[in-house]
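To start, the structure itself, in structure tokens.
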Amino acid sequence: MVYQFSVSYNGGAFWVVRDANLSNTFYWTPMQEGYYAIRVAVMATNYQGQMSVAYAGFLIVSRVTGSAPVVGTTNNPLVALYSAPSCANGSIYVEFGVTPSDVYWQRTNAQTCTPLSSNFYVAGMTASTTYQMRHIVTQGSKVTKGPVMTFTTGAIAAAIPSLSLAVNPTSQTSLADRVVLHGMLNTQNLAVNVPFATDLAGNVIWYYNGFASLTNVLAYLTRPVAGGTMLVLASQGKADAFLTEIDLAGNPIRQTDMLRIDAQLAALGKDQVSALHHDAVRFPNGQTLVIGMIERPTSNGSSILGDMIIALDQNFQVKWTWNAFDHLSTSRAPVLGETCLANYGLLCPAQNLFAVDWLHSNSISYTPDHNLLLSMRDQDWVIKINYQDGTGPGDIIWTLGAGGNFTLQSPDPYPWFSHQHDVNWLGTNQITLFDNGNTRCVFESPCDSRGQVLQLDETNYTASLVFNGDLGVYADSLGSAQRLTNGDYEFGPGYIVPALTSAAMEMNPSGTVTYNLQIGATEYRTFRMQSLYVPPFRF
């Protein structure tokens with residue numbers, strides 16, 4: 001049997017917190033006082049036949065009994081739970097810092113005032129340190145400050161890699177983007193795959209250790225979400241890939257897995273996927289997009305791996321799909337002849353370890369015209385797909401890269417990116433990406449990875465390099481790229497060879513490194529953020 005858990009708040013509609021799963025228990029942590037109904041639907045593993053439903057009610061009472069706020073601990077020693085008394089109208093948030101004179105006081109996300117108490121996870125604090133915090137109520141031009149409360153963080157209980165500053169932050173660094181979020185990925189030592197965040201000095205201010213008690217689990221953070229949640233992909237063995245959204249205390253908010261997604265795909269008459277991989281991202285329309293792997297047999301007895309983009313609604317139910325086999329020709333082979341075994345090693349999720357790894361898509365990005373960009377590493381291409389917030393037909397609008405639709409004017413002998421990661425739209429028709437350089441480095445020696453920003457003319461299909469920075473290291477896989485609030489760029493070489501380390505590097509538009517934090521382990525993505533509640537700047 002499989003079990004689906006849903007929650008309703010104060011008589012409202014039910015929303016799914018964990019879709020059909022073999023486990024009959026679910027760890028649930030409500031944040032708001034009020035009446036909750038829990039609905040559990042039980043059905044056969046093939047999702048056929050009768051479904052049984054049971055309900056249970058919970059009344060969550062406020063921690064605030066008077067007019068004073070309450071501050072307490074959570075499962076995460078670096079995260080506090082702050083409960084503020086009700087406010088009549090306006091908005092409320094919590095600010096926090098070490099001392100009253102600290103000009104770098106941080107703030108949580110804001111909530112709308114209600115007659116109920118307001119509850120916040122306060123995150124972004126260093127270990128074993130006493131912080132001061134208070135809530136702020138804004139009602140038009142009136143600002144009311146609550147009493148100052150104190151909270152002392154605990155010690156870190158996680159495996160954090162070594163950290164060192166090669167270039168210290170200065171006034172030239174984007175100090176507004178003062179949080180560095182690290183999404184670790186080490187396939188050789190799963191115990192060190194602990195997502196964590198640091199300040200610019202390299203002090204740990206948050207981490208998630210939710211998979212520490214599980215064995216043989218490969219888990220990695222894909223993207224932060226506005227308001228202070230994170231999207232995590234994980235697999236136990238090869239076949240149990242699941243997508244989870246967690247809050248800052250490490251509690252699961254909603255979860256689904258590949259088996260449930262496959263059941264929905266089958267009901268829609270679509271290909272099923274053998275893995276969820278590389279990216280899960282929340283789009284501005286509220287949908288969460290994830291990449292799935294499709295394995296198709298070939299006439300010569302082998303198989304080929306393609307990708308499907310799966311758009312999930314707010315209940316993590318399938319609403320839109322895009323299948324690469326329907327829109328691209330498999331006659332264009334992977335540029336460097338990659339196979340599943342070559343790219344994934346023994347963690348290859350395909351039935352055939354020597355299956356052709358045709359695309360190896362690794363990032364999805366939203367565009368201002370409501371379409372999406374897909375980075376296909378093994379094709380050295382970025383493609384724009386007609387998505388239209390989940391109503392588009394999925395046709396390919398253009399391809400970008402060597403042999404694609406665009407002409408790139410540049411004096412560089414190898415101007416095009418190759419085996420790239422983390423493509424993001426910047427607005428004003430610019431994109432940024434991490435150019436690993438695998439194809440270029442076959443012909444060029446010595447060879448470093450690059451951070452690139454391209455200006456696109458989508459009418460005339462021309463492109464120009466706004467920024468083409470040599471990072472001074474070669475990362476043959478993994479990597480991240482973004483623009484910072486001061487106009488600098490952040491690039492994260494995630495798999496520096498041969499040392500198998502990573503870095504978070506800031507470069508100004510002239511190519512000068514203005515910040516460099518080195519990490520003693522491989523890292524899937526690095527994000528610079530204003531706080532843990534505000535995701536990286538996009539467009």
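Residue numbering restarts at 1 for every chain of the structure tokens, chains are lettered A, B, ... in their displayed order, and ligands are numbered from 1 as they appear.
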Using only C-alpha atoms, which protein or nucleic acid residues come within 9 Å of A:Phe14? Drop anything in the same chain fewer than 5 positions from it, and give the result as a compact mmCIF listing (two decimals) with C-alpha atoms, in the first residue's frame.
```txt
# COMPACT_ATOMS: atom_id res chain seq x y z
CA SER A 6 -2.75 16.12 2.96
CA VAL A 7 -3.47 19.03 5.31
CA SER A 8 -6.34 21.53 5.55
CA TYR A 9 -6.13 24.71 7.65
CA ALA A 37 -7.42 18.45 9.44
CA ILE A 38 -5.07 15.68 8.31
CA ARG A 39 -6.28 13.46 5.49
```
Do a neighbour search on A:Ala80 at 12 Å with only C-alpha atoms, toss out local chain neighbours closer than 5 positions, and write the hits as number ranges by chain.
A: 70-75, 94, 96, 108, 119-127, 130-133, 149-154, 206, 248-250
Selection file, N, CA and C atoms, as an mmCIF file, in the first residue's frame:
```
data_model
loop_
_atom_site.group_PDB
_atom_site.id
_atom_site.type_symbol
_atom_site.label_atom_id
_atom_site.label_comp_id
_atom_site.auth_asym_id
_atom_site.auth_seq_id
_atom_site.Cartn_x
_atom_site.Cartn_y
_atom_site.Cartn_z
ATOM 1 N N VAL A 70 7.667 35.105 22.269
ATOM 2 C CA VAL A 70 8.318 33.926 22.827
ATOM 3 C C VAL A 70 9.362 33.441 21.831
ATOM 4 N N VAL A 71 10.569 33.151 22.327
ATOM 5 C CA VAL A 71 11.644 32.639 21.479
ATOM 6 C C VAL A 71 12.059 31.266 22.003
ATOM 7 N N GLY A 72 12.147 30.291 21.092
ATOM 8 C CA GLY A 72 12.523 28.952 21.506
ATOM 9 C C GLY A 72 13.425 28.285 20.491
ATOM 10 N N THR A 73 13.803 27.065 20.799
ATOM 11 C CA THR A 73 14.709 26.310 19.952
ATOM 12 C C THR A 73 13.936 25.530 18.891
ATOM 13 N N THR A 74 14.674 24.999 17.911
ATOM 14 C CA THR A 74 14.137 24.103 16.895
ATOM 15 C C THR A 74 15.060 22.892 16.808
ATOM 16 N N ASN A 75 14.805 22.013 15.855
ATOM 17 C CA ASN A 75 15.698 20.867 15.653
ATOM 18 C C ASN A 75 17.074 21.291 15.157
ATOM 19 N N VAL A 94 10.881 39.892 11.722
ATOM 20 C CA VAL A 94 11.803 39.855 12.855
ATOM 21 C C VAL A 94 13.173 40.293 12.373
ATOM 22 N N PHE A 96 17.361 40.724 13.643
ATOM 23 C CA PHE A 96 18.224 40.112 14.642
ATOM 24 C C PHE A 96 19.684 40.442 14.358
ATOM 25 N N THR A 108 14.056 38.637 8.801
ATOM 26 C CA THR A 108 13.362 37.507 8.208
ATOM 27 C C THR A 108 12.459 37.996 7.076
ATOM 28 N N ASN A 119 4.566 33.524 13.513
ATOM 29 C CA ASN A 119 5.687 32.654 13.849
ATOM 30 C C ASN A 119 6.742 32.699 12.759
ATOM 31 N N PHE A 120 8.004 32.790 13.170
ATOM 32 C CA PHE A 120 9.121 32.935 12.235
ATOM 33 C C PHE A 120 10.242 31.984 12.618
ATOM 34 N N TYR A 121 10.880 31.409 11.598
ATOM 35 C CA TYR A 121 12.170 30.779 11.809
ATOM 36 C C TYR A 121 13.243 31.850 11.612
ATOM 37 N N VAL A 122 14.042 32.066 12.630
ATOM 38 C CA VAL A 122 15.128 33.047 12.572
ATOM 39 C C VAL A 122 16.407 32.289 12.258
ATOM 40 N N ALA A 123 16.966 32.542 11.073
ATOM 41 C CA ALA A 123 18.130 31.782 10.614
ATOM 42 C C ALA A 123 19.136 32.725 9.981
ATOM 43 N N GLY A 124 20.397 32.352 10.123
ATOM 44 C CA GLY A 124 21.494 33.163 9.610
ATOM 45 C C GLY A 124 22.443 33.537 10.730
ATOM 46 N N MET A 125 22.483 32.711 11.781
ATOM 47 C CA MET A 125 23.268 33.003 12.976
ATOM 48 C C MET A 125 24.429 32.019 13.111
ATOM 49 N N THR A 126 25.539 32.498 13.658
ATOM 50 C CA THR A 126 26.703 31.646 13.878
ATOM 51 C C THR A 126 26.505 30.797 15.135
ATOM 52 N N ALA A 127 27.293 29.744 15.258
ATOM 53 C CA ALA A 127 27.141 28.797 16.352
ATOM 54 C C ALA A 127 27.592 29.388 17.680
ATOM 55 N N THR A 130 25.222 34.449 21.334
ATOM 56 C CA THR A 130 23.982 35.047 21.814
ATOM 57 C C THR A 130 23.573 36.187 20.898
ATOM 58 N N TYR A 131 22.336 36.117 20.395
ATOM 59 C CA TYR A 131 21.787 37.125 19.489
ATOM 60 C C TYR A 131 20.645 37.869 20.159
ATOM 61 N N GLN A 132 20.458 39.103 19.729
ATOM 62 C CA GLN A 132 19.296 39.881 20.118
ATOM 63 C C GLN A 132 18.333 39.931 18.930
ATOM 64 N N MET A 133 17.043 39.900 19.219
ATOM 65 C CA MET A 133 16.050 39.907 18.143
ATOM 66 C C MET A 133 14.766 40.548 18.635
ATOM 67 N N MET A 149 14.543 40.485 22.575
ATOM 68 C CA MET A 149 14.670 39.155 23.164
ATOM 69 C C MET A 149 16.069 38.622 22.861
ATOM 70 N N THR A 150 16.489 37.614 23.584
ATOM 71 C CA THR A 150 17.803 37.019 23.329
ATOM 72 C C THR A 150 17.647 35.526 23.022
ATOM 73 N N PHE A 151 18.607 35.027 22.259
ATOM 74 C CA PHE A 151 18.643 33.609 21.913
ATOM 75 C C PHE A 151 20.099 33.218 21.711
ATOM 76 N N THR A 152 20.481 32.098 22.296
ATOM 77 C CA THR A 152 21.849 31.601 22.147
ATOM 78 C C THR A 152 21.839 30.345 21.283
ATOM 79 N N THR A 153 22.575 30.388 20.198
ATOM 80 C CA THR A 153 22.636 29.243 19.287
ATOM 81 C C THR A 153 23.472 28.116 19.889
ATOM 82 N N GLY A 154 23.288 26.919 19.346
ATOM 83 C CA GLY A 154 24.042 25.775 19.823
ATOM 84 C C GLY A 154 25.257 25.491 18.954
ATOM 85 N N TRP A 206 24.143 28.328 8.838
ATOM 86 C CA TRP A 206 22.977 27.446 8.651
ATOM 87 C C TRP A 206 23.465 26.147 8.045
ATOM 88 N N LEU A 248 13.626 26.183 7.010
ATOM 89 C CA LEU A 248 14.957 26.481 7.541
ATOM 90 C C LEU A 248 15.300 25.658 8.781
ATOM 91 N N ALA A 249 14.271 25.132 9.458
ATOM 92 C CA ALA A 249 14.537 24.262 10.602
ATOM 93 C C ALA A 249 14.791 22.831 10.167
ATOM 94 N N GLY A 250 14.633 22.557 8.866
ATOM 95 C CA GLY A 250 14.872 21.221 8.341
ATOM 96 C C GLY A 250 13.634 20.364 8.251
#
```
Between A:Pro413, A:Pro195, A:Pro509, A:Gly301, which is the closest to A:Val453 once you count only C-alpha atoms?
A:Pro509
Per DSSP on the backbone, filter stretch 144-273 of chain A down to the residues in strand (DSSP E or B) and report them as a PyMOL selection string.
chain A and resi 144-145+149-152+163-167+179-184+196-199+204-207+217-225+229-236+240-247+252-257
Using only C-alpha atoms, the residue out of A:Ala355, A:Leu347, A:Leu200, A:Leu265 with shortest distance to A:Pro297 is A:Ala355
Please build the interface table for stretch 425-522 of chain A against stretch 528-534 of chain A with a cut-off of 9 Å, listing for each qualifying residue the nearest atom pair and the distance in Å to one decimal; count only C-alpha atoms, order rows by chain and increasing number, and write it as JSON lines.
```
{"residue": "A:Gln482", "atom": "CA", "partner": "A:Arg528", "partner_atom": "CA", "distance": 8.1}
{"residue": "A:Leu484", "atom": "CA", "partner": "A:Arg528", "partner_atom": "CA", "distance": 7.5}
{"residue": "A:Thr485", "atom": "CA", "partner": "A:Gln530", "partner_atom": "CA", "distance": 8.9}
{"residue": "A:Glu490", "atom": "CA", "partner": "A:Arg528", "partner_atom": "CA", "distance": 7.2}
{"residue": "A:Ala504", "atom": "CA", "partner": "A:Arg528", "partner_atom": "CA", "distance": 8.6}
```
Next, the residues of the selection above should be written as a PDB file, in the first residue's frame with C-alpha atoms.
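part12.pdb was written with the following content:
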```
ATOM      1  CA  GLN A 482      24.849  34.556 -11.089  1.00  0.00           C
ATOM      2  CA  LEU A 484      25.176  40.144  -7.841  1.00  0.00           C
ATOM      3  CA  THR A 485      23.338  43.243  -6.679  1.00  0.00           C
ATOM      4  CA  GLU A 490      29.535  35.159  -8.758  1.00  0.00           C
ATOM      5  CA  ALA A 504      32.847  30.771  -4.463  1.00  0.00           C
TER       6      ALA A 504
END
```
